[in-house]
>>> print(open('coords.txt').read())   # compact mmCIF, C-alpha atoms and all ligand atoms
# COMPACT_ATOMS: atom_id res chain seq x y z
CA MET Z 1 -39.03 -42.78 8.35
CA HIS Z 2 -36.22 -45.28 8.96
CA SER Z 3 -33.00 -43.84 10.31
CA ASP Z 4 -29.69 -45.29 11.42
CA LYS Z 5 -29.25 -42.44 13.84
CA ARG Z 6 -30.06 -42.98 17.52
CA ALA Z 7 -32.71 -40.71 18.97
CA SER Z 8 -31.78 -38.25 21.68
CA LEU Z 9 -35.43 -37.15 21.91
CA LEU Z 10 -38.62 -39.14 21.55
CA ILE Z 11 -42.11 -37.64 21.77
CA LYS Z 12 -44.88 -40.22 21.90
CA ASN Z 13 -48.65 -40.45 22.23
CA ALA Z 14 -49.67 -37.16 20.66
CA ARG Z 15 -53.41 -37.36 20.14
CA GLN Z 16 -52.92 -34.89 17.29
CA LEU Z 17 -49.46 -34.43 15.80
CA ILE Z 18 -49.69 -31.40 13.54
CA THR Z 19 -46.74 -31.70 11.16
CA MET Z 20 -47.66 -28.92 8.68
CA SER Z 21 -46.04 -31.15 6.07
CA GLY Z 22 -47.39 -30.12 2.65
CA PRO Z 23 -47.35 -27.00 0.50
CA VAL Z 24 -45.12 -24.06 1.44
CA PRO Z 25 -46.54 -21.45 1.62
CA ARG Z 26 -50.17 -22.38 2.34
CA ILE Z 27 -52.44 -20.39 0.04
CA GLY Z 28 -56.25 -20.22 -0.01
CA PRO Z 29 -57.93 -23.51 1.03
CA GLN Z 30 -54.49 -25.08 1.63
CA MET Z 31 -54.39 -23.12 4.90
CA ASN Z 32 -56.74 -25.73 6.33
CA GLU Z 33 -54.26 -28.57 5.69
CA LEU Z 34 -52.38 -29.38 8.87
CA GLY Z 35 -50.59 -32.61 7.95
CA LEU Z 36 -52.30 -34.06 11.01
CA ILE Z 37 -51.31 -37.51 12.31
CA GLU Z 38 -53.54 -39.05 14.97
CA ASN Z 39 -51.67 -40.83 17.77
CA GLY Z 40 -48.46 -39.39 16.43
CA GLY Z 41 -44.86 -39.59 17.53
CA LEU Z 42 -41.59 -37.97 16.61
CA ALA Z 43 -37.91 -38.63 17.17
CA ALA Z 44 -34.89 -36.34 16.91
CA CYS Z 45 -31.17 -36.89 16.94
CA GLY Z 46 -29.45 -33.78 18.28
CA ASP Z 47 -31.16 -30.83 16.66
CA GLU Z 48 -32.57 -32.77 13.70
CA ILE Z 49 -35.89 -34.58 13.29
CA ILE Z 50 -35.25 -38.21 12.24
CA ALA Z 51 -38.70 -39.81 12.42
CA VAL Z 52 -42.30 -38.60 12.23
CA GLY Z 53 -45.36 -40.84 12.09
CA LYS Z 54 -47.72 -42.95 14.14
CA SER Z 55 -46.44 -43.13 17.68
CA ASP Z 56 -46.14 -46.93 17.85
CA GLU Z 57 -44.32 -47.09 14.50
CA VAL Z 58 -41.87 -44.36 15.44
CA GLU Z 59 -41.19 -46.15 18.72
CA ARG Z 60 -40.75 -49.51 16.99
CA GLN Z 61 -38.42 -48.22 14.32
CA THR Z 62 -36.25 -45.84 16.32
CA GLN Z 63 -33.21 -46.83 18.33
CA LEU Z 64 -32.87 -44.71 21.43
CA ALA Z 65 -29.56 -43.29 22.57
CA GLU Z 66 -28.65 -44.09 26.17
CA ASN Z 67 -29.57 -40.67 27.54
CA CYS Z 68 -32.61 -40.21 25.26
CA VAL Z 69 -35.22 -37.80 26.63
CA VAL Z 70 -38.63 -39.45 26.30
CA ILE Z 71 -41.69 -37.20 26.52
CA ASP Z 72 -45.16 -38.68 26.73
CA ALA Z 73 -47.43 -36.06 25.15
CA GLY Z 74 -50.19 -37.54 27.28
CA GLY Z 75 -52.83 -37.45 24.57
CA GLY Z 76 -52.17 -33.78 23.90
CA VAL Z 77 -51.50 -31.80 20.76
CA VAL Z 78 -48.02 -31.34 19.26
CA THR Z 79 -47.19 -28.62 16.72
CA PRO Z 80 -44.11 -27.08 15.15
CA GLY Z 81 -42.56 -24.28 17.21
CA LEU Z 82 -44.44 -21.07 16.44
CA ILE Z 83 -42.80 -18.30 14.42
CA ASP Z 84 -43.60 -14.70 15.35
CA PRO Z 85 -42.63 -12.68 12.26
CA HIS Z 86 -43.11 -9.12 13.63
CA THR Z 87 -41.88 -7.90 17.03
CA HIS Z 88 -40.30 -4.78 18.52
CA PRO Z 89 -38.87 -6.29 21.74
CA VAL Z 90 -35.87 -3.97 22.30
CA PHE Z 91 -37.05 -1.12 24.53
CA SER Z 92 -36.88 -0.07 28.16
CA MET Z 93 -39.76 2.18 29.25
CA THR Z 94 -43.27 0.78 29.01
CA ARG Z 95 -46.20 3.06 28.09
CA GLU Z 96 -49.09 2.02 30.31
CA MET Z 97 -50.07 5.70 30.63
CA GLU Z 98 -50.86 5.71 26.91
CA PHE Z 99 -52.91 2.54 27.25
CA GLU Z 100 -54.96 4.30 29.93
CA MET Z 101 -55.29 7.43 27.78
CA ARG Z 102 -56.81 5.20 25.09
CA THR Z 103 -59.12 3.70 27.69
CA LEU Z 104 -60.27 7.25 28.39
CA GLY Z 105 -60.86 7.93 24.70
CA LYS Z 106 -57.68 9.34 23.11
CA THR Z 107 -56.44 7.82 19.86
CA TYR Z 108 -52.94 6.46 19.09
CA GLU Z 109 -52.33 9.39 16.70
CA GLU Z 110 -53.49 12.00 19.25
CA ILE Z 111 -51.18 10.53 21.89
CA ALA Z 112 -48.24 10.54 19.47
CA ALA Z 113 -48.93 14.15 18.42
CA ALA Z 114 -48.97 15.15 22.11
CA GLY Z 115 -45.41 13.87 22.63
CA GLY Z 116 -46.11 10.21 23.39
CA GLY Z 117 -45.79 7.30 21.00
CA ILE Z 118 -42.63 6.03 19.34
CA ARG Z 119 -40.72 9.27 19.99
CA ALA Z 120 -41.30 8.96 23.74
CA SER Z 121 -39.75 5.47 23.62
CA VAL Z 122 -36.85 6.90 21.61
CA ARG Z 123 -36.12 9.63 24.20
CA ASP Z 124 -36.09 6.97 26.90
CA LEU Z 125 -33.95 4.40 25.07
CA ARG Z 126 -31.25 6.93 24.23
CA THR Z 127 -30.62 7.60 27.93
CA THR Z 128 -30.87 4.01 29.19
CA PRO Z 129 -27.78 1.79 29.68
CA LYS Z 130 -27.46 -1.13 27.27
CA GLU Z 131 -27.47 -3.76 30.05
CA ILE Z 132 -30.86 -2.62 31.33
CA ILE Z 133 -32.37 -2.76 27.84
CA MET Z 134 -30.77 -6.17 27.30
CA ASP Z 135 -32.21 -7.58 30.56
CA LYS Z 136 -35.70 -6.33 29.77
CA THR Z 137 -35.52 -7.65 26.21
CA ARG Z 138 -34.37 -11.04 27.50
CA LYS Z 139 -37.45 -11.26 29.72
CA ARG Z 140 -39.68 -10.58 26.74
CA LEU Z 141 -37.97 -13.37 24.80
CA ASP Z 142 -38.51 -15.68 27.80
CA ARG Z 143 -42.23 -14.88 27.69
CA LEU Z 144 -42.45 -15.44 23.92
CA LEU Z 145 -40.71 -18.81 24.32
CA LYS Z 146 -43.08 -19.82 27.15
CA HIS Z 147 -45.97 -19.11 24.79
CA GLY Z 148 -44.59 -21.49 22.16
CA VAL Z 149 -42.52 -19.14 19.98
CA THR Z 150 -39.22 -20.73 18.89
CA THR Z 151 -38.29 -18.20 16.16
CA ALA Z 152 -39.07 -14.48 16.18
CA GLU Z 153 -38.25 -11.53 14.02
CA ALA Z 154 -36.92 -8.59 16.10
CA LYS Z 155 -36.65 -4.96 15.04
CA SER Z 156 -34.59 -1.97 16.09
CA GLY Z 157 -36.30 1.40 15.71
CA TYR Z 158 -36.34 3.03 19.15
CA GLY Z 159 -32.99 4.82 18.88
CA LEU Z 160 -33.02 6.67 15.55
CA THR Z 161 -29.34 7.63 15.76
CA THR Z 162 -26.67 5.50 14.11
CA GLU Z 163 -25.17 4.62 17.47
CA SER Z 164 -28.41 3.68 19.23
CA GLU Z 165 -29.81 1.75 16.27
CA LEU Z 166 -26.60 -0.28 16.12
CA MET Z 167 -26.81 -0.82 19.88
CA GLN Z 168 -30.29 -2.38 19.52
CA LEU Z 169 -29.11 -4.62 16.69
CA GLU Z 170 -26.15 -5.70 18.84
CA ILE Z 171 -28.54 -6.56 21.67
CA ILE Z 172 -30.52 -8.69 19.21
CA LYS Z 173 -27.30 -10.36 18.05
CA GLU Z 174 -26.08 -11.07 21.58
CA LEU Z 175 -29.45 -12.45 22.68
CA ASN Z 176 -29.66 -14.54 19.54
CA SER Z 177 -26.54 -16.41 20.62
CA SER Z 178 -27.29 -16.60 24.36
CA HIS Z 179 -31.06 -17.21 24.37
CA PRO Z 180 -32.78 -20.36 23.04
CA LEU Z 181 -35.22 -18.31 20.96
CA GLU Z 182 -33.88 -17.78 17.44
CA LEU Z 183 -34.04 -14.15 16.32
CA VAL Z 184 -34.24 -12.74 12.81
CA PRO Z 185 -32.88 -9.17 12.95
CA THR Z 186 -34.55 -6.22 11.20
CA PHE Z 187 -33.26 -2.65 10.94
CA LEU Z 188 -36.04 -0.09 11.46
CA GLY Z 189 -34.24 3.26 11.45
CA ALA Z 190 -37.25 4.64 9.57
CA HIS Z 191 -39.69 3.94 12.42
CA GLU Z 192 -40.29 7.67 12.99
CA VAL Z 193 -38.59 10.99 12.34
CA PRO Z 194 -36.75 11.81 15.59
CA ASP Z 195 -37.43 15.06 17.49
CA GLU Z 196 -34.25 16.80 16.32
CA TYR Z 197 -35.08 16.35 12.61
CA GLN Z 198 -38.78 17.23 12.72
CA SER Z 199 -38.11 20.41 10.77
CA ASP Z 200 -35.54 18.81 8.44
CA ARG Z 201 -36.76 15.31 7.71
CA SER Z 202 -34.78 14.99 4.47
CA LYS Z 203 -31.59 15.29 6.53
CA TYR Z 204 -32.62 12.31 8.66
CA ILE Z 205 -33.49 10.27 5.56
CA GLU Z 206 -30.03 11.08 4.22
CA ILE Z 207 -28.49 9.78 7.46
CA ILE Z 208 -30.47 6.54 7.18
CA ILE Z 209 -29.36 6.02 3.59
CA ASN Z 210 -25.76 7.20 3.74
CA GLU Z 211 -24.79 6.40 7.31
CA MET Z 212 -26.98 3.80 8.99
CA LEU Z 213 -27.78 1.37 6.17
CA PRO Z 214 -24.17 0.96 4.96
CA VAL Z 215 -22.88 0.00 8.45
CA VAL Z 216 -25.84 -2.25 9.19
CA ALA Z 217 -25.23 -4.08 5.91
CA GLU Z 218 -21.48 -4.14 6.22
CA ARG Z 219 -21.56 -5.52 9.76
CA LYS Z 220 -24.38 -7.93 8.78
CA LEU Z 221 -26.45 -6.81 11.75
CA ALA Z 222 -29.79 -7.15 9.97
CA GLU Z 223 -31.37 -9.42 7.36
CA PHE Z 224 -34.31 -7.11 6.76
CA CYS Z 225 -34.98 -3.39 6.47
CA ASP Z 226 -38.43 -2.23 7.60
CA ILE Z 227 -40.16 1.17 7.44
CA PHE Z 228 -43.26 2.79 8.97
CA CYS Z 229 -44.90 3.81 5.69
CA GLU Z 230 -47.86 5.92 6.81
CA GLU Z 231 -49.31 9.41 6.51
CA ASN Z 232 -47.33 11.76 8.82
CA VAL Z 233 -44.50 9.22 9.17
CA TYR Z 234 -42.78 8.16 5.89
CA ASN Z 235 -44.76 8.82 2.72
CA ILE Z 236 -44.65 6.67 -0.40
CA ASP Z 237 -41.81 8.56 -2.11
CA GLU Z 238 -39.65 8.56 1.00
CA SER Z 239 -40.37 4.88 1.64
CA ASN Z 240 -39.48 4.02 -1.94
CA LYS Z 241 -36.18 5.90 -1.67
CA ILE Z 242 -35.12 4.31 1.64
CA GLN Z 243 -36.19 0.78 0.75
CA THR Z 244 -34.58 0.93 -2.70
CA ALA Z 245 -31.31 1.92 -1.02
CA ALA Z 246 -31.66 -0.92 1.49
CA ARG Z 247 -32.25 -3.47 -1.23
CA LYS Z 248 -29.17 -2.31 -3.14
CA LEU Z 249 -27.14 -3.14 -0.04
CA GLY Z 250 -28.52 -6.68 0.01
CA LEU Z 251 -31.16 -6.30 2.71
CA LYS Z 252 -34.55 -7.96 2.27
CA LEU Z 253 -37.59 -5.72 2.75
CA LYS Z 254 -40.50 -5.44 5.15
CA PHE Z 255 -43.10 -2.68 5.42
CA HIS Z 256 -45.46 -1.34 8.07
CA ALA Z 257 -48.17 -0.56 5.54
CA ASP Z 258 -51.74 0.75 5.55
CA GLU Z 259 -51.94 0.44 9.33
CA LEU Z 260 -53.86 3.63 10.19
CA LYS Z 261 -54.96 4.78 6.72
CA SER Z 262 -54.82 3.50 3.15
CA THR Z 263 -51.75 5.09 1.58
CA GLY Z 264 -50.65 2.58 -1.06
CA GLY Z 265 -47.99 1.01 1.16
CA ALA Z 266 -48.99 -2.52 0.15
CA GLU Z 267 -48.72 -1.65 -3.55
CA LEU Z 268 -45.24 -0.21 -2.98
CA ALA Z 269 -44.16 -3.27 -0.97
CA ALA Z 270 -45.34 -5.54 -3.78
CA SER Z 271 -43.64 -3.46 -6.48
CA LEU Z 272 -40.33 -3.69 -4.59
CA LYS Z 273 -40.84 -7.46 -4.12
CA ALA Z 274 -40.75 -7.05 -0.35
CA THR Z 275 -40.73 -10.26 1.69
CA SER Z 276 -43.68 -9.01 3.73
CA ALA Z 277 -46.13 -6.15 4.15
CA ASP Z 278 -47.48 -5.93 7.68
CA HIS Z 279 -50.63 -4.55 9.42
CA LEU Z 280 -52.73 -3.87 6.24
CA VAL Z 281 -55.85 -2.88 8.19
CA TYR Z 282 -56.75 -0.35 5.48
CA ILE Z 283 -55.26 -2.15 2.45
CA SER Z 284 -56.99 -1.34 -0.88
CA ASP Z 285 -58.32 -3.88 -3.37
CA THR Z 286 -55.40 -3.16 -5.69
CA GLY Z 287 -53.05 -3.65 -2.74
CA ILE Z 288 -54.56 -7.08 -2.07
CA LYS Z 289 -54.15 -8.12 -5.71
CA ALA Z 290 -50.61 -6.75 -5.83
CA LEU Z 291 -49.48 -8.68 -2.72
CA ALA Z 292 -50.97 -11.91 -4.05
CA ALA Z 293 -49.29 -11.45 -7.44
CA ALA Z 294 -45.91 -10.56 -5.95
CA GLY Z 295 -45.86 -13.36 -3.34
CA THR Z 296 -45.28 -10.74 -0.65
CA VAL Z 297 -46.47 -12.17 2.66
CA ALA Z 298 -49.38 -10.30 4.28
CA THR Z 299 -48.49 -10.34 7.97
CA LEU Z 300 -51.56 -9.47 10.04
CA LEU Z 301 -51.40 -8.12 13.60
CA PRO Z 302 -54.80 -8.42 15.30
CA GLY Z 303 -53.31 -7.56 18.71
CA THR Z 304 -52.70 -4.03 17.43
CA SER Z 305 -56.31 -3.39 16.40
CA PHE Z 306 -57.37 -4.87 19.75
CA SER Z 307 -55.02 -2.74 21.83
CA LEU Z 308 -55.74 0.44 19.84
CA ARG Z 309 -59.46 -0.17 20.52
CA SER Z 310 -60.07 -0.16 16.79
CA LYS Z 311 -63.15 -1.71 15.26
CA GLN Z 312 -61.14 -2.32 12.08
CA TYR Z 313 -59.16 -5.51 11.54
CA ALA Z 314 -57.17 -6.42 8.42
CA PRO Z 315 -59.35 -8.06 5.73
CA ALA Z 316 -57.93 -11.56 6.21
CA ARG Z 317 -60.71 -13.37 4.34
CA ARG Z 318 -60.34 -11.17 1.27
CA LEU Z 319 -56.57 -11.64 1.33
CA ILE Z 320 -56.95 -15.42 1.56
CA GLU Z 321 -59.56 -15.50 -1.21
CA ALA Z 322 -57.27 -13.42 -3.43
CA GLY Z 323 -54.47 -15.97 -2.98
CA ALA Z 324 -52.20 -13.89 -0.77
CA ILE Z 325 -49.85 -15.57 1.71
CA VAL Z 326 -51.27 -14.73 5.14
CA ALA Z 327 -49.20 -14.82 8.35
CA LEU Z 328 -49.97 -13.69 11.91
CA ALA Z 329 -47.69 -11.93 14.42
CA THR Z 330 -47.85 -10.30 17.86
CA ASP Z 331 -46.32 -6.91 16.92
CA CYS Z 332 -45.08 -7.03 20.55
CA ASN Z 333 -44.13 -3.38 21.29
CA PRO Z 334 -44.64 -0.87 24.13
CA GLY Z 335 -47.21 1.26 22.31
CA SER Z 336 -49.72 -0.41 20.07
CA SER Z 337 -49.57 -4.07 21.18
CA TYR Z 338 -47.82 -5.05 24.39
CA SER Z 339 -48.18 -8.83 24.44
CA GLU Z 340 -45.97 -11.89 24.06
CA HIS Z 341 -49.05 -14.14 24.02
CA PHE Z 342 -48.87 -15.33 20.41
CA PRO Z 343 -51.64 -17.95 20.78
CA PHE Z 344 -54.02 -15.17 21.90
CA MET Z 345 -53.51 -13.62 18.44
CA ALA Z 346 -55.16 -16.75 17.03
CA SER Z 347 -58.21 -16.04 19.23
CA LEU Z 348 -58.37 -12.44 18.02
CA ALA Z 349 -57.91 -13.61 14.43
CA ALA Z 350 -60.73 -16.13 14.82
CA LEU Z 351 -63.19 -13.69 16.35
CA ASN Z 352 -62.34 -10.54 14.40
CA MET Z 353 -60.88 -11.77 11.10
CA ARG Z 354 -62.74 -15.07 10.84
CA LEU Z 355 -59.69 -17.31 10.53
CA THR Z 356 -60.31 -20.95 11.41
CA ALA Z 357 -58.01 -22.61 13.92
CA ALA Z 358 -56.24 -24.44 11.10
CA GLU Z 359 -55.79 -21.24 9.08
CA ALA Z 360 -54.37 -19.50 12.14
CA ILE Z 361 -51.91 -22.35 12.75
CA SER Z 362 -50.78 -22.18 9.10
CA ALA Z 363 -50.35 -18.43 9.54
CA MET Z 364 -48.22 -18.91 12.68
CA THR Z 365 -45.98 -21.68 11.28
CA VAL Z 366 -45.30 -22.26 7.55
CA ASN Z 367 -46.54 -18.90 6.33
CA ALA Z 368 -44.81 -17.05 9.17
CA ALA Z 369 -41.61 -18.88 8.20
CA CYS Z 370 -41.97 -17.40 4.69
CA ALA Z 371 -42.30 -13.92 6.24
CA VAL Z 372 -38.86 -14.24 7.85
CA GLY Z 373 -37.07 -16.11 5.07
CA ARG Z 374 -37.01 -19.39 7.03
CA GLU Z 375 -39.37 -21.40 4.79
CA LYS Z 376 -36.75 -24.08 4.16
CA SER Z 377 -35.97 -24.73 7.80
CA ALA Z 378 -38.81 -23.75 10.13
CA GLY Z 379 -42.53 -24.15 10.62
CA ARG Z 380 -42.85 -27.87 9.80
CA LEU Z 381 -42.14 -31.18 11.50
CA GLU Z 382 -40.39 -33.24 8.82
CA CYS Z 383 -37.33 -35.47 8.77
CA GLY Z 384 -34.15 -33.47 8.25
CA LEU Z 385 -35.57 -30.24 9.67
CA PRO Z 386 -34.64 -28.69 13.04
CA ALA Z 387 -36.58 -30.12 16.00
CA ASP Z 388 -38.50 -26.98 17.07
CA ILE Z 389 -41.62 -28.34 18.75
CA VAL Z 390 -44.45 -27.31 21.09
CA ILE Z 391 -46.40 -29.78 23.21
CA TRP Z 392 -49.77 -28.37 24.22
CA ASP Z 393 -52.04 -29.20 27.10
CA MET Z 394 -55.12 -29.58 24.91
CA GLU Z 395 -56.91 -32.49 23.30
CA ASP Z 396 -57.89 -30.79 20.04
CA TYR Z 397 -55.99 -28.13 18.10
CA ARG Z 398 -59.15 -26.03 17.83
CA GLU Z 399 -58.72 -25.25 21.51
CA LEU Z 400 -55.86 -22.92 20.50
CA PRO Z 401 -58.13 -19.99 19.57
CA TYR Z 402 -61.12 -21.18 21.61
CA HIS Z 403 -59.57 -21.43 25.09
CA TYR Z 404 -58.36 -17.86 24.97
CA ALA Z 405 -55.82 -15.87 26.99
CA VAL Z 406 -54.51 -18.81 29.01
CA ASN Z 407 -51.18 -20.38 28.29
CA LEU Z 408 -51.77 -23.97 27.18
CA VAL Z 409 -48.12 -24.60 26.29
CA SER Z 410 -46.83 -27.54 28.26
CA GLN Z 411 -43.30 -28.01 26.82
CA VAL Z 412 -41.17 -26.28 24.23
CA ILE Z 413 -38.27 -27.89 22.38
CA LYS Z 414 -35.77 -25.77 20.43
CA ASN Z 415 -33.19 -27.51 18.25
CA GLY Z 416 -33.94 -30.82 19.95
CA LYS Z 417 -33.50 -29.47 23.50
CA LEU Z 418 -36.24 -29.11 26.09
CA VAL Z 419 -36.19 -25.38 26.89
CA VAL Z 420 -39.59 -24.79 28.56
CA GLU Z 421 -41.51 -26.91 30.98
CA ASN Z 422 -44.56 -24.97 32.18
O1 LIG R 1 -46.18 -1.78 14.64
N1 LIG R 1 -46.55 1.23 13.64
C1 LIG R 1 -45.41 1.40 14.04
N2 LIG R 1 -44.79 0.70 14.96
C2 LIG R 1 -45.43 -0.06 15.98
C3 LIG R 1 -45.83 0.80 17.14
C4 LIG R 1 -44.64 1.19 17.91
C5 LIG R 1 -44.91 2.00 19.14
O2 LIG R 1 -46.00 2.58 19.33
O3 LIG R 1 -43.98 2.04 19.96
C6 LIG R 1 -46.53 -0.89 15.38
O4 LIG R 1 -47.72 -0.69 15.66
FE FE R 2 -44.77 -3.05 14.23
>>> encode(input="coords.txt", output="structure tokens")
Amino acid sequence: MHSDKRASLLIKNARQLITMSGPVPRIGPQMNELGLIENGGLAACGDEIIAVGKSDEVERQTQLAENCVVIDAGGGVVTPGLIDPHTHPVFSMTREMEFEMRTLGKTYEEIAAAGGGIRASVRDLRTTPKEIIMDKTRKRLDRLLKHGVTTAEAKSGYGLTTESELMQLEIIKELNSSHPLELVPTFLGAHEVPDEYQSDRSKYIEIIINEMLPVVAERKLAEFCDIFCEENVYNIDESNKIQTAARKLGLKLKFHADELKSTGGAELAASLKATSADHLVYISDTGIKALAAAGTVATLLPGTSFSLRSKQYAPARRLIEAGAIVALATDCNPGSSYSEHFPFMASLAALNMRLTAAEAISAMTVNAACAVGREKSAGRLECGLPADIVIWDMEDYRELPYHYAVNLVSQVIKNGKLVVEN
């Protein structure tokens, strides 16, 4: 814990300092291990954590720089910055009319078949100026940050032409350098088949493989390639073809899999050694075993089941028991889950997937870091790691799922800098 460096940030008097120090990823019963220090404190020099321990010891052993920012956690809870490993934040038009249609009894698939859904967002994005989309995306990142998210994955997927997909990835790149929230970019050209290729889908797949993927890879605009692998969107053969091409170009893989029906998407993700398979509401038993064996993260999105008015939630307990790596995410998007309230996902996970508060926190920190390839740098409070920290206005971490749908974030620190004071 000793360091010769002078602290530029000191956080003291955390009733519960949740470090998440310990195994990475957290599997099975390990998900309940929080690396909790009572009356904890932490010091950082610049963007790096230099001391973690009991508050009085950290204070005694750390030299403060002249302009050191000292935050008294006031007996609250301190956690690592949260990591949201699945978002679609780059869009303009919102789709509240579809939400109301669901209220009145229509399903997500019926609305999409009637001209709504992803393709409605695509029509809108293609005719909206980049600056407008950028401003709206920035506001969504602000809201994520205010809810404790310091790193988020962000997908394209609402343009479905080479030009408009690149435009979304450029927005992600520009916001990544100008906004405190750190973004992990994902190319999702296979989010849907656009209107103009409905009768010639193989032509669109060819464009993804021969036109879009090579420029995305060459210009390093994405770390991951994702696909909506689902009946009536991209089937298993098509998904295999596109994702194999993406991997050859050096992109890591993600899948939207088994969201609306069981199609074997999880099995395919595991066989291609994808970093994550997401949704998994209808995952099969073989899919569960395959993910666990492959070390492919199962990223679960309870906000989507909630917002689609589905009674079905992903089988989190079975995944945990099988030894799969379980993460949580918002799936923030205009159709199936419009929310930047990541902590609320812990409430939904507790009530509908039976995750304990500790399991949910593991799923939103260390395990979420694994889902975005940041397991070495994010999701834990340890010396030498970046100082991404949330200070919560609660006395016990179990309040996170329990005190639902209110924002209990008091301060957020990204790379050692105070970026949110609620
Ligand atoms: O993760 N399933 C595909 N994509 C999103 C929905 C996108 C939309 O409806 O705009 C999802 O649920
Ligand atoms: Fe999604």
>>> atom_distance(input="coords.txt", atom1="atom CA of Tyr313 of chain Z", atom2="atom CA of Gly117 of chain Z")
20.8 Å
>>> closest_residue(input="coords.txt", among="Z:Pro29, Z:Gly264, Z:Pro89, Z:Pro302", to="Tyr234 of chain Z", atoms="only C-alpha atoms")
Z:Gly264
>>> residues_around(input="coords.txt", residues="segment 175-189 of chain Z", least_positions_apart="3", cutoff="6 Å", atoms="all atoms listed in the file", output="JSON, numbers by chain")
{"Z": [150, 151, 152, 153, 154, 155, 156, 157, 160, 172, 222, 223, 224, 225, 226, 227]}
>>> residues_around(input="coords.txt", residues="segment 120-123 of chain Z", least_positions_apart="3", cutoff="6 Å", atoms="only C-alpha atoms", output="PDB file with C-alpha atoms, keeping the file's coordinate frame")
ATOM      1  CA  GLY Z 116     -46.110  10.210  23.390  1.00  0.00           C
ATOM      2  CA  GLY Z 117     -45.790   7.300  21.000  1.00  0.00           C
ATOM      3  CA  ARG Z 126     -31.250   6.930  24.230  1.00  0.00           C
ATOM      4  CA  TYR Z 158     -36.340   3.030  19.150  1.00  0.00           C
ATOM      5  CA  GLY Z 159     -32.990   4.820  18.880  1.00  0.00           C
TER       6      GLY Z 159
END
>>> residues_around(input="coords.txt", residues="Val193 of chain Z", least_positions_apart="6", cutoff="8 Å", atoms="all atoms listed in the file", output="PyMOL selection string")
chain Z and resi 160+201+204+233
>>> residues_near_ligand(input="coords.txt", ligand="ligand LIG 1 (chain R)", cutoff="10 Å", atoms="only C-alpha atoms and all ligand atoms", output="VMD selection string")
chain Z and resid 86 to 89 91 94 to 95 98 108 to 109 111 to 112 116 to 122 155 157 to 158 188 190 to 192 227 to 230 233 255 to 260 278 to 279 301 303 to 305 307 to 308 330 to 338
>>> atom_distance(input="coords.txt", atom1="atom CA of Leu17 of chain Z", atom2="atom CA of Glu382 of chain Z")
11.5 Å
>>> residues_around(input="coords.txt", residues="segment 402-411 of chain Z", least_positions_apart="6", cutoff="9 Å", atoms="all atoms listed in the file", output="VMD selection string")
chain Z and resid 146 to 148 341 343 to 344 346 to 348 350 357 389 to 394 418 to 422
>>> atom_distance(input="coords.txt", atom1="atom CA of Lys173 of chain Z", atom2="atom CA of Val90 of chain Z")
11.5 Å
>>> closest_residue(input="coords.txt", among="Z:Leu249, Z:Ile288, Z:Ala327, Z:Cys383", to="Ala360 of chain Z", atoms="all atoms listed in the file")
Z:Ala327
>>> residues_around(input="coords.txt", residues="segment 24-28 of chain Z", least_positions_apart="6", cutoff="8 Å", atoms="only C-alpha atoms", output="list in words")
Ile320, Glu321, Ala322, Gly323, Ala324, Ile325, Val326, Ser362, Val366, Asn367, Cys370 and Glu375 of chain Z
>>> closest_residue(input="coords.txt", among="Z:Glu163, Z:Glu238, Z:Glu267, Z:Asp195", to="Val216 of chain Z", atoms="all atoms listed in the file")
Z:Glu163
>>> closest_residue(input="coords.txt", among="Z:Leu144, Z:Arg317, Z:Met134, Z:Gly384", to="Lys5 of chain Z", atoms="only C-alpha atoms")
Z:Gly384
>>> residues_near_point(input="coords.txt", point="(-42.8, 1.8, -4.1)", cutoff="9 Å", atoms="only C-alpha atoms", output="list in words")
Ile236, Asp237, Ser239, Asn240, Lys241, Gln243, Thr244, Gly264, Gly265, Ala266, Glu267, Leu268, Ala269, Ala270, Ser271 and Leu272 of chain Z
>>> closest_residue(input="coords.txt", among="Z:Met167, Z:Leu125, Z:Met31, Z:Leu319", to="Ser284 of chain Z", atoms="only C-alpha atoms")
Z:Leu319
>>> closest_residue(input="coords.txt", among="Z:Lys12, Z:Lys136, Z:Arg143, Z:Arg354", to="Ala44 of chain Z", atoms="only C-alpha atoms")
Z:Lys12
>>> axis_aligned_box(input="coords.txt", around="segment 278-297 of chain Z", padding_each_side="8 Å", output="lines of an AutoDock Vina configuration file")
center_x = -51.8
center_y = -6.9
center_z = 1.0
size_x = 29.0
size_y = 29.0
size_z = 32.9
